[in-house]
Amino acid sequence: EPQLDFMTLASYGMSTVSSGSIEVVRDLKEPVAGRDVLIIDDILESGRTLDYAKRVLSERAARSIRIAVLLEKPGKLITNIRADYVGFTVPDAFV
């Protein structure tokens with residue numbers, strides 16, 4: 001049965017540039033072990049935050065993890081993370 005839960009991660013603080021340090025502001029309430037998980041995020045830029053989220057969910061034994069993003073900035077990517085579903089690819093500019 002589908003279920004919705006929220007995890008809030010922060011790496012930007014009040015800046016427009018990622019600090020590189022990931023902070024868990026709000027964690028999931030439900031366990032993900034043995035479940036298929038879809039991470040939905042607004043933008044894939046450096047990839048640090050989504051990479052961190054995927055690693056955490058993998059460590060918690062999620063059966064599968066897919067990523068959907070509204071915006072993707074491939075020119076800013078510094079990790080090997082890839083989105084499975086992308087709304088729009090945008091240029092390397094402040095959005």
# chains A, B, ... in the order shown; residues from 1 in each chain; ligands from 1
>>> closest_atom_pairs(of="stretch 57-81 of chain A", to="stretch 21-35 of chain A", cutoff="10 Å", atoms="only C-alpha atoms", output="CSV")
residue,atom,partner,partner_atom,distance
A:Leu57,CA,A:Val32,CA,7.1
A:Ser58,CA,A:Ala33,CA,8.7
A:Glu59,CA,A:Ala33,CA,9.0
A:Arg60,CA,A:Ala33,CA,5.8
A:Ala61,CA,A:Ala33,CA,4.5
A:Ala62,CA,A:Ala33,CA,4.6
A:Arg63,CA,A:Gly34,CA,4.6
A:Ser64,CA,A:Arg35,CA,6.8
A:Ile65,CA,A:Arg35,CA,8.7
>>> residues_around(residues="A:Arg48", least_positions_apart="2", cutoff="9 Å", atoms="only C-alpha atoms", output="list in words")
Ser11, Ser18, Gly20, Ser21, Ile22, Leu44, Glu45, Ser46, Leu50, Asp51, Tyr52, Ala53, Leu77, Ile78, Thr79 and Ile81 of chain A
>>> residues_around(residues="A:Asp41", least_positions_apart="4", cutoff="7 Å", atoms="only C-alpha atoms", output="list in words")
Ala68, Val69 and Leu70 of chain A
>>> closest_residue(among="A:Leu38, A:Ile43, A:Val95, A:Met7", to="A:Pro74", atoms="only C-alpha atoms")
A:Ile43
>>> select_by_dssp(residues="chain A", states="strand (DSSP E or B)", output="ChimeraX atom specification")
/A:8-10,23-26,33,36-44,62,64-72,85-89
>>> atom_distance(atom1="atom CA of A:Val90", atom2="atom CA of A:Ile40")
17.3 Å
>>> select_by_dssp(residues="chain A", states="helix (DSSP H, G or I)", output="MDAnalysis selection string")
chainID A and resid 48:59 74:76
>>> atom_distance(atom1="atom CA of A:Val56", atom2="atom CA of A:Leu71")
22.3 Å
>>> atom_distance(atom1="atom CA of A:Pro2", atom2="atom CA of A:Glu72")
25.9 Å
>>> residues_around(residues="A:Ile67", least_positions_apart="6", cutoff="6 Å", atoms="only C-alpha atoms", output="compact mmCIF listing (two decimals) with N, CA and C atoms, in the first residue's frame")
# COMPACT_ATOMS: atom_id res chain seq x y z
N LEU A 38 10.49 6.13 -3.32
CA LEU A 38 10.66 7.16 -4.34
C LEU A 38 11.00 8.46 -3.62
N ILE A 39 12.21 8.95 -3.84
CA ILE A 39 12.63 10.25 -3.29
C ILE A 39 12.20 11.31 -4.29
N ALA A 83 19.15 11.07 -11.36
CA ALA A 83 17.70 11.01 -11.15
C ALA A 83 17.11 10.02 -12.14
N ASP A 84 16.16 9.25 -11.67
CA ASP A 84 15.46 8.30 -12.54
C ASP A 84 14.39 9.02 -13.35
